[in-house]
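In what follows, a single structure is set out as structure tokens and then discussed.
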Amino acid sequence: MSRVVVIGAGLAGWVAANRLADNGHSVVLLHKGLGGLQLGQGSIDVFGYDPARVTNPIAAVAAASAPHPYATLGTGSVVAAVAYLKQLLPGLLVGDPEANYQLPTAVGAIRPTCLAQPSMIAGNAHDGASWVIVGLRRLKDFSAELIAANLSRTELPDGGRLQARAITIDVAARESEIDSTGLTFARAFDDPDFRKRFTAALAPQLKPGETVGLPAVLGLADPTAWSDVAANLGHDVFEIPLPPPSVLGMRLDQALRARALEAGVRVVPGVRTVAFDAEGGRVRSVSIATEPAPRSFTADAFVLATGGFESGALELDSYGQVHEALFDLPVTTVDTALFHGDYWGPEQPLFTIGVPVNAAMQPLDASGASVYANLHAAGGILAGNAGWRDKTGDGVAAASALAAADAIGKERP
Amino acid sequence: MRRLTADVVVIGGGSTGAGVVRDVAMRGYSAVLVERADLGQGTTGRFHGLLHSGGRYVVSDPESATECAQENAILTRIQSEAVEATGGYFVTCPGDDPEFADKFLAGATATGVPAREVNVSEALRNEPRINPGILRAVEVQDGTVDGWKLVWGAANSAREYGAEILTYHRVTKIETNGSAVTAVLCTDLRGGDEVLIDTNFVLNCAGPWAGQIAAMAGAHPVDVIPGRGIMIAMNHRLVNRVVNRLIYPADGDILVPAHTVSIIGTTDVKVDNPDHLKIEANEVQQMLDAGEVLVPGFRNSRALHAWAGARPLIKDDRVAASDTRHMSRGMAVIDHSERDGLDGMLTIGGGKLTTYRLMAEHITDAMCDKLGEKRACRTASEAIPGSESTRTHRVSDRLADREADRFDSQIICECELLSRKMFTDALAAQPNASFDDLRRQLRLGMGPCQGGFCSLRAGGIAVADGALDAERASGLFRLFLRNRWLGIWPILYGEQVRQTALDAWIFQGTLDTEHLPGPDAEAVEPDPTLAPTTTKES
């Protein structure tokens, strides 16, 4: 059994840690804060736009070409990753890798995604649906009126239309607080008494047959909160993801963390990994910033799952140079300016920059050789794609984490 | 066609035009101000926020120095709401000539600019972030001024005296009978109507666009040489006083603490077209280097936003046309009756925001002379609405306000402590406003997240309250983010890259905003030339 250190607690870090533990390794996961899951939509994207709207994500993966990471990962690893995620999170993720859901967002767009939480799937948009979007007066990041009106003026992916109206109700998550976060509401929804008050306020306003769209705050600790609300209302309900902090994402984070702990992963939270030690082409240890002295973790292999530009894993300095923050790994370059001036235009070239890897997810130098034989990278740090626009970020994270973990398994001494 | 009649038509809704329409109205003339965009959308909104003490000019331009000192005192009194009395330092940085301070102090005495040399240790104690190697420090009465509040204050004062303010109206023609102005024709860019204003007098206050306006009346060309200057807003207040380099005026010689940010400025490059002002990468590097001199470690601070403004300099034969910094910044009034045989039009150029009231006084005096009338200027003595108390603004004011109303109104912009009520009140008062128009008055989206959270909230609230329909609200918030980006990408590095990535994750990733139906730019932008003045190249 070898020792492996995983750095980062986003989707890639958790998948890698779980897989490594399942493969029999002794795993330590170091992370600074909550990872990218809390920033996202709380479902698992595989491929959303190529750039046309994708209905079969696996078919789109098969058609991906370099520099997209899917070109290196291949269809098989994505299929395996989707299956592994469903196995890790039974009951929390449902869906078919060959069919996307089309789910509403908090601005009223219809967004493709592959695996969703059961609390989301009644929002799969289809012709003739009759929805009521319900806002909470004290939750400012969810405007039911905007969402319902935008949904109503949208031609659905299947060519049809749905009807959505809006209701805003006023139920306080905390007495006298007018400005409550989604997290505060989620904790309130964990309380059955609050759920009763909420349904009492809402139920009289619903019309028969309507499906109820709610901000994704239906409980954080209690996985039955959303189905309890649905039962109390006597209507199908679905959750719509909010801007960060994402309660849906936090549920995935909690479940993956719990699964990792159960599998024997040692999790060290709240620490920034700042330095490393290498010899003979291998990383020997990494160090975390602790007082009064840094503390180092020695291992046989390392998985770098620290994220991309949003986390600071990749940095752009004031002279225009991109750096990988921990190992100073070589990064790809672009032959254009790093940015262009059209915010809604094509992907900003900077965000395609990242760490180049081989099929074993080993970072590569300019000659194509691995930089450190026992270092593997996964997730947002990889070159080729930021994943936001084409909705591939989760699939890349899970598949690359699985590939990294399995590569370590294969080289086990 | 809509038809109006006015004694005077003021063209240009920057500080000069707003000051002029106030002065004209206070002297009893009926007046209409015509502005092609929003008030303060041009040069007035694109400066560093400095209310000059006069110190910057005590050596290079003594006349301006005296005017600045006097107008600083007047504005601090009559427009206290727009002014923060920060105070300022002029500091000799390592490598700068320490003897310049002697010239400076002598110049200050000669020009009546209050200035006092202080111990370096005192200056460093008060402003611990500035270069510890400074050799000398002079304290002055620099302040900061919110250009938009200043302009809106003057315009609102003018309205109280009966003036009409027409924003988003583009002048298309100045009609004459061959020897005198008879009317101004303009287009309501938001409503689409033509508006004809019968008048006998036009005051051309269009700043860098004054030459274009003069040409519409058939006047000989007025040589306005737009001098482009870039400014960069850094997150937080690196200094709490204005900090100037104690040298002859130069690029990057000032750091201004304005509201929640610190603004470094500026450059000066002659340009041809004031509608297209680039933010060049080499000038950005120049500003960052200059910042390092004033505040070591400047490059590690977070740059939030950059913009470029065009100084409205009137050509002066005493200096080469390419050297705009050393043209006199004094104001110039061009009398078109002597020059072009056209009665009823004056063009004003030059000047600076600090002296906007004085400029207005001069041009209005000149107009009264032309009309053969004696009407006294009263703008220096009467407070502008909202500033009656003479209490100056403090950076902590909004925090105090939010502490007071935190149980009543949500905060929709945490960066700038903007309440929901402030936003809905402003939108109710200006139902046709773009989010950028509201930003200029409310500071919506001007903090670190640059609209990342507040823009969606603004759109959602506007629809929830029935103020906008979803299509327009969606278009406005997408346009707002697109316009914010124009000032972000030229200076993007460091921590702001993380913010940009987060915002992209939210808007593209989680919300899938680009797949909302509808045209990319709804009917929310009156004219493509009015997009924020950076270009997509470079």
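We name chains A, B, ... following the order of the structure tokens; residues begin at 1 in each chain, and ligands are numbered from 1 as shown.
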
Show me a table, sorted first by chain and then by increasing residue number, of the residues of chain B having an atom at most 6 Å from chain A, each with its shortest atom pair and the distance in Å to one decimal, counting only C-alpha atoms and written as a tab-separated table.
residue	atom	partner	partner_atom	distance
B:Phe407	CA	A:Ile178	CA	5.8
B:Gln410	CA	A:Asp179	CA	5.1
B:Arg457	CA	A:Asp141	CA	6.0
B:Gly460	CA	A:Ser143	CA	4.8
B:Val463	CA	A:Leu146	CA	5.6
B:Ala464	CA	A:Glu145	CA	5.2
B:Ala470	CA	A:Leu146	CA	5.4
B:Arg482	CA	A:Tyr343	CA	5.1
B:Leu486	CA	A:Gly341	CA	5.8
B:Tyr493	CA	A:Ser318	CA	5.3
B:Gly494	CA	A:Asp317	CA	5.4
B:Arg498	CA	A:Glu310	CA	4.1
B:Ala501	CA	A:Glu310	CA	4.9
B:Leu502	CA	A:Glu310	CA	5.5
B:Trp505	CA	A:Trp388	CA	5.7
B:Gln508	CA	A:Arg389	CA	5.6
B:Gly509	CA	A:Trp388	CA	4.2
B:Thr510	CA	A:Gln41	CA	5.1
B:Leu511	CA	A:Thr105	CA	5.2
B:Leu516	CA	A:Ala109	CA	5.1
B:Pro517	CA	A:Thr154	CA	5.9
B:Lys536	CA	A:Gly341	CA	4.7

Residues near Arg77 in chain B, cut-off 10 Å, only C-alpha atoms, skip fewer than 3 positions along chain, as number ranges by chain: B: 71-74, 80-81, 83, 380-384, 387-392

Alpha helix (DSSP H) positions in range 104-272 of chain A, given as a compact mmCIF listing (two decimals) with N, CA and C atoms, in the first residue's frame:
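Output file part17.txt is given in full below:
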# COMPACT_ATOMS: atom_id res chain seq x y z
N ALA A 144 -38.09 35.30 -8.69
CA ALA A 144 -39.06 34.39 -9.33
C ALA A 144 -39.66 35.05 -10.57
N GLU A 145 -39.90 36.36 -10.50
CA GLU A 145 -40.54 37.06 -11.61
C GLU A 145 -39.64 37.07 -12.84
N LEU A 146 -38.36 37.31 -12.64
CA LEU A 146 -37.41 37.31 -13.76
C LEU A 146 -37.30 35.90 -14.37
N ILE A 147 -37.19 34.92 -13.49
CA ILE A 147 -37.01 33.54 -13.97
C ILE A 147 -38.25 33.08 -14.73
N ALA A 148 -39.41 33.30 -14.15
CA ALA A 148 -40.65 32.83 -14.79
C ALA A 148 -40.86 33.53 -16.13
N ALA A 149 -40.60 34.83 -16.17
CA ALA A 149 -40.83 35.56 -17.42
C ALA A 149 -39.83 35.13 -18.49
N ASN A 150 -38.59 34.91 -18.11
CA ASN A 150 -37.62 34.45 -19.11
C ASN A 150 -37.93 33.04 -19.58
N LEU A 151 -38.34 32.17 -18.67
CA LEU A 151 -38.71 30.81 -19.09
C LEU A 151 -39.89 30.84 -20.06
N SER A 152 -40.83 31.71 -19.79
CA SER A 152 -42.04 31.76 -20.62
C SER A 152 -41.76 32.27 -22.02
N GLY A 182 -28.85 32.10 1.03
CA GLY A 182 -29.39 30.80 0.69
C GLY A 182 -29.03 29.75 1.72
N LEU A 183 -27.85 29.87 2.27
CA LEU A 183 -27.41 28.92 3.29
C LEU A 183 -28.26 29.03 4.55
N THR A 184 -28.58 30.25 4.92
CA THR A 184 -29.45 30.44 6.09
C THR A 184 -30.82 29.80 5.85
N PHE A 185 -31.35 29.99 4.64
CA PHE A 185 -32.63 29.36 4.33
C PHE A 185 -32.50 27.84 4.31
N ALA A 186 -31.38 27.32 3.78
CA ALA A 186 -31.21 25.87 3.72
C ALA A 186 -31.23 25.28 5.13
N ARG A 187 -30.58 25.96 6.05
CA ARG A 187 -30.57 25.46 7.43
C ARG A 187 -31.96 25.56 8.04
N ALA A 188 -32.70 26.60 7.67
CA ALA A 188 -34.08 26.70 8.15
C ALA A 188 -34.91 25.53 7.62
N PHE A 189 -34.71 25.19 6.34
CA PHE A 189 -35.49 24.10 5.75
C PHE A 189 -35.12 22.74 6.33
N PRO A 192 -38.23 20.72 10.37
CA PRO A 192 -39.59 20.37 9.91
C PRO A 192 -40.63 21.45 10.26
N ASP A 193 -40.45 22.15 11.37
CA ASP A 193 -41.42 23.20 11.72
C ASP A 193 -41.38 24.34 10.71
N PHE A 194 -40.17 24.69 10.28
CA PHE A 194 -40.08 25.75 9.26
C PHE A 194 -40.75 25.30 7.97
N ARG A 195 -40.54 24.04 7.63
CA ARG A 195 -41.15 23.52 6.39
C ARG A 195 -42.67 23.61 6.47
N LYS A 196 -43.20 23.35 7.66
CA LYS A 196 -44.66 23.46 7.82
C LYS A 196 -45.12 24.91 7.63
N ARG A 197 -44.39 25.85 8.21
CA ARG A 197 -44.76 27.26 8.05
C ARG A 197 -44.69 27.66 6.58
N PHE A 198 -43.63 27.18 5.92
CA PHE A 198 -43.45 27.52 4.52
C PHE A 198 -44.60 26.96 3.68
N THR A 199 -44.92 25.71 3.87
CA THR A 199 -45.97 25.12 3.04
C THR A 199 -47.32 25.73 3.38
N ALA A 200 -47.54 26.10 4.62
CA ALA A 200 -48.81 26.75 4.98
C ALA A 200 -48.95 28.08 4.24
N ALA A 201 -47.84 28.80 4.08
CA ALA A 201 -47.89 30.09 3.38
C ALA A 201 -48.07 29.90 1.88
N LEU A 202 -47.49 28.83 1.35
CA LEU A 202 -47.48 28.68 -0.11
C LEU A 202 -48.69 27.90 -0.65
N ALA A 225 -35.59 16.82 3.14
CA ALA A 225 -36.30 18.10 3.28
C ALA A 225 -37.11 18.41 2.03
N TRP A 226 -36.50 18.24 0.85
CA TRP A 226 -37.20 18.64 -0.38
C TRP A 226 -38.42 17.75 -0.64
N SER A 227 -38.27 16.43 -0.38
CA SER A 227 -39.40 15.55 -0.65
C SER A 227 -40.51 15.75 0.39
N ASP A 228 -40.10 16.15 1.58
CA ASP A 228 -41.09 16.48 2.61
C ASP A 228 -41.91 17.71 2.19
N VAL A 229 -41.22 18.73 1.64
CA VAL A 229 -41.91 19.92 1.16
C VAL A 229 -42.89 19.54 0.05
N ALA A 230 -42.42 18.69 -0.87
CA ALA A 230 -43.29 18.27 -1.97
C ALA A 230 -44.52 17.54 -1.45
N ALA A 231 -44.30 16.66 -0.47
CA ALA A 231 -45.42 15.91 0.09
C ALA A 231 -46.40 16.84 0.80
N ASN A 232 -45.86 17.79 1.57
CA ASN A 232 -46.72 18.74 2.27
C ASN A 232 -47.55 19.58 1.30
N LEU A 233 -46.92 19.96 0.19
CA LEU A 233 -47.62 20.80 -0.78
C LEU A 233 -48.59 19.99 -1.64
N VAL A 247 -26.02 25.65 -2.38
CA VAL A 247 -26.42 24.61 -1.42
C VAL A 247 -26.39 23.24 -2.09
N LEU A 248 -26.82 23.18 -3.35
CA LEU A 248 -26.77 21.91 -4.08
C LEU A 248 -25.33 21.40 -4.16
N GLY A 249 -24.39 22.30 -4.46
CA GLY A 249 -22.99 21.92 -4.52
C GLY A 249 -22.46 21.49 -3.17
N MET A 250 -22.91 22.18 -2.13
CA MET A 250 -22.45 21.82 -0.78
C MET A 250 -22.94 20.43 -0.39
N ARG A 251 -24.12 20.08 -0.86
CA ARG A 251 -24.60 18.70 -0.58
C ARG A 251 -23.66 17.67 -1.23
N LEU A 252 -23.26 17.93 -2.46
CA LEU A 252 -22.33 17.00 -3.11
C LEU A 252 -21.01 16.96 -2.35
N ASP A 253 -20.54 18.13 -1.95
CA ASP A 253 -19.28 18.20 -1.20
C ASP A 253 -19.38 17.38 0.09
N GLN A 254 -20.46 17.60 0.83
CA GLN A 254 -20.63 16.88 2.10
C GLN A 254 -20.65 15.37 1.88
N ALA A 255 -21.38 14.95 0.86
CA ALA A 255 -21.53 13.51 0.63
C ALA A 255 -20.21 12.88 0.18
N LEU A 256 -19.48 13.60 -0.67
CA LEU A 256 -18.20 13.06 -1.14
C LEU A 256 -17.18 13.03 -0.01
N ARG A 257 -17.24 14.04 0.85
CA ARG A 257 -16.35 14.08 2.00
C ARG A 257 -16.67 12.92 2.95
N ALA A 258 -17.95 12.73 3.21
CA ALA A 258 -18.35 11.65 4.12
C ALA A 258 -17.92 10.30 3.55
N ARG A 259 -18.11 10.14 2.24
CA ARG A 259 -17.71 8.89 1.60
C ARG A 259 -16.20 8.68 1.70
N ALA A 260 -15.43 9.75 1.54
CA ALA A 260 -13.97 9.63 1.61
C ALA A 260 -13.53 9.25 3.03
N LEU A 261 -14.15 9.89 4.02
CA LEU A 261 -13.79 9.58 5.40
C LEU A 261 -14.11 8.12 5.72
N GLU A 262 -15.25 7.70 5.23
CA GLU A 262 -15.67 6.31 5.43
C GLU A 262 -14.67 5.33 4.79

Given only C-alpha atoms, how would the per-residue table for range 293-388 of chain B near range 44-62 of chain B read, listing every residue at most 8 Å away with its closest atom pair and distance in Å to one decimal, sorted by chain and number, as JSON lines?
{"residue": "B:Trp307", "atom": "CA", "partner": "B:Arg46", "partner_atom": "CA", "distance": 6.5}
{"residue": "B:Ala308", "atom": "CA", "partner": "B:Arg46", "partner_atom": "CA", "distance": 6.1}
{"residue": "B:Gly309", "atom": "CA", "partner": "B:Arg46", "partner_atom": "CA", "distance": 4.7}
{"residue": "B:Ala310", "atom": "CA", "partner": "B:Arg46", "partner_atom": "CA", "distance": 7.9}
{"residue": "B:Ser328", "atom": "CA", "partner": "B:Asp61", "partner_atom": "CA", "distance": 7.4}
{"residue": "B:Leu353", "atom": "CA", "partner": "B:Thr44", "partner_atom": "CA", "distance": 7.0}
{"residue": "B:Thr354", "atom": "CA", "partner": "B:Leu51", "partner_atom": "CA", "distance": 5.5}

Deliver the residues from the most recent selection as a file, using N, CA and C atoms, as a PDB file, in the first residue's frame.
ATOM      1  N   TRP B 307     -10.000  53.215 -16.999  1.00  0.00           N
ATOM      2  CA  TRP B 307     -10.774  53.990 -17.960  1.00  0.00           C
ATOM      3  C   TRP B 307      -9.878  55.073 -18.533  1.00  0.00           C
ATOM      4  N   ALA B 308     -10.347  55.657 -19.609  1.00  0.00           N
ATOM      5  CA  ALA B 308      -9.614  56.736 -20.239  1.00  0.00           C
ATOM      6  C   ALA B 308     -10.545  57.911 -20.438  1.00  0.00           C
ATOM      7  N   GLY B 309     -10.041  59.084 -20.187  1.00  0.00           N
ATOM      8  CA  GLY B 309     -10.813  60.303 -20.419  1.00  0.00           C
ATOM      9  C   GLY B 309     -10.072  61.179 -21.412  1.00  0.00           C
ATOM     10  N   ALA B 310     -10.808  62.116 -21.995  1.00  0.00           N
ATOM     11  CA  ALA B 310     -10.207  63.024 -22.972  1.00  0.00           C
ATOM     12  C   ALA B 310     -10.282  64.446 -22.442  1.00  0.00           C
ATOM     13  N   SER B 328      -1.801  75.507 -21.569  1.00  0.00           N
ATOM     14  CA  SER B 328      -2.508  76.093 -20.436  1.00  0.00           C
ATOM     15  C   SER B 328      -3.798  75.337 -20.216  1.00  0.00           C
ATOM     16  N   LEU B 353     -12.183  70.186 -13.771  1.00  0.00           N
ATOM     17  CA  LEU B 353     -13.405  69.967 -13.012  1.00  0.00           C
ATOM     18  C   LEU B 353     -13.465  70.832 -11.760  1.00  0.00           C
ATOM     19  N   THR B 354     -12.332  70.991 -11.079  1.00  0.00           N
ATOM     20  CA  THR B 354     -12.327  71.780  -9.854  1.00  0.00           C
ATOM     21  C   THR B 354     -12.829  73.203 -10.099  1.00  0.00           C
TER      22      THR B 354
END

Selected residue, from A:Glu239, A:Asp190, A:Asp170, A:Asp394, that lies nearest to Gly219 in chain A when counting only C-alpha atoms: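 Ranking A:Glu239, A:Asp190, A:Asp170, A:Asp394 by distance to Gly219 in chain A, first place goes to A:Asp190.
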
Strand (DSSP E or B) call set, DSSP backbone run, range 298-495 of chain B, as a PyMOL selection string: chain B and resi 303-314+332-335+343+345-349+411-413+418-419

Please, could you write that set of residues out with N, CA and C atoms as a tab-separated table (two decimals), in the first residue's frame?
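What landed in result_33.tsv:
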chain	number	residue	atom	x	y	z
B	303	ALA	N	-5.93	45.50	-8.98
B	303	ALA	CA	-6.45	46.50	-9.92
B	303	ALA	C	-7.85	46.08	-10.32
B	304	LEU	N	-8.81	47.01	-10.19
B	304	LEU	CA	-10.21	46.66	-10.44
B	304	LEU	C	-10.69	47.07	-11.82
B	305	HIS	N	-10.30	48.25	-12.23
B	305	HIS	CA	-10.95	48.82	-13.40
B	305	HIS	C	-10.09	49.94	-13.93
B	306	ALA	N	-10.12	50.12	-15.24
B	306	ALA	CA	-9.39	51.22	-15.85
B	306	ALA	C	-10.31	51.98	-16.79
B	307	TRP	N	-10.00	53.21	-17.00
B	307	TRP	CA	-10.77	53.99	-17.96
B	307	TRP	C	-9.88	55.07	-18.53
B	308	ALA	N	-10.35	55.66	-19.61
B	308	ALA	CA	-9.61	56.74	-20.24
B	308	ALA	C	-10.55	57.91	-20.44
B	309	GLY	N	-10.04	59.08	-20.19
B	309	GLY	CA	-10.81	60.30	-20.42
B	309	GLY	C	-10.07	61.18	-21.41
B	310	ALA	N	-10.81	62.12	-21.99
B	310	ALA	CA	-10.21	63.02	-22.97
B	310	ALA	C	-10.28	64.45	-22.44
B	311	ARG	N	-9.13	65.03	-22.19
B	311	ARG	CA	-9.11	66.43	-21.75
B	311	ARG	C	-9.54	67.32	-22.92
B	312	PRO	N	-10.36	68.31	-22.65
B	312	PRO	CA	-10.86	69.16	-23.73
B	312	PRO	C	-9.96	70.37	-23.94
B	313	LEU	N	-8.75	70.15	-24.40
B	313	LEU	CA	-7.82	71.27	-24.51
B	313	LEU	C	-8.02	72.01	-25.83
B	314	ILE	N	-8.11	73.32	-25.72
B	314	ILE	CA	-8.20	74.16	-26.91
B	314	ILE	C	-6.78	74.48	-27.35
B	332	ALA	N	-10.86	78.78	-22.12
B	332	ALA	CA	-10.85	79.66	-23.29
B	332	ALA	C	-12.29	79.80	-23.78
B	333	VAL	N	-12.70	81.03	-24.01
B	333	VAL	CA	-14.04	81.27	-24.56
B	333	VAL	C	-13.87	81.77	-25.99
B	334	ILE	N	-14.52	81.10	-26.89
B	334	ILE	CA	-14.45	81.52	-28.30
B	334	ILE	C	-15.76	82.22	-28.64
B	335	ASP	N	-15.63	83.47	-29.10
B	335	ASP	CA	-16.79	84.26	-29.48
B	335	ASP	C	-16.99	84.12	-30.99
B	343	ASP	N	-23.78	85.42	-34.61
B	343	ASP	CA	-24.20	85.89	-33.29
B	343	ASP	C	-24.92	84.77	-32.55
B	345	MET	N	-23.67	82.52	-30.22
B	345	MET	CA	-23.01	81.27	-29.85
B	345	MET	C	-21.63	81.54	-29.26
B	346	LEU	N	-21.39	80.90	-28.13
B	346	LEU	CA	-20.06	80.91	-27.52
B	346	LEU	C	-19.63	79.46	-27.32
B	347	THR	N	-18.34	79.23	-27.55
B	347	THR	CA	-17.78	77.91	-27.29
B	347	THR	C	-16.77	78.03	-26.16
B	348	ILE	N	-16.85	77.11	-25.22
B	348	ILE	CA	-15.89	77.15	-24.11
B	348	ILE	C	-15.08	75.86	-24.10
B	349	GLY	N	-13.79	76.02	-23.81
B	349	GLY	CA	-12.93	74.85	-23.75
B	349	GLY	C	-11.93	74.98	-22.62
B	411	ILE	N	-29.17	44.56	1.16
B	411	ILE	CA	-28.01	45.13	0.48
B	411	ILE	C	-27.86	44.38	-0.84
B	412	ILE	N	-27.98	45.09	-1.95
B	412	ILE	CA	-27.87	44.37	-3.23
B	412	ILE	C	-26.47	44.45	-3.80
B	413	CYS	N	-25.65	45.36	-3.32
B	413	CYS	CA	-24.25	45.40	-3.73
B	413	CYS	C	-23.42	45.52	-2.47
B	418	LEU	N	-24.82	49.20	-1.29
B	418	LEU	CA	-25.97	49.78	-1.95
B	418	LEU	C	-27.22	49.02	-1.53
B	419	SER	N	-28.22	49.73	-1.05
B	419	SER	CA	-29.43	49.05	-0.59
B	419	SER	C	-30.42	48.88	-1.74
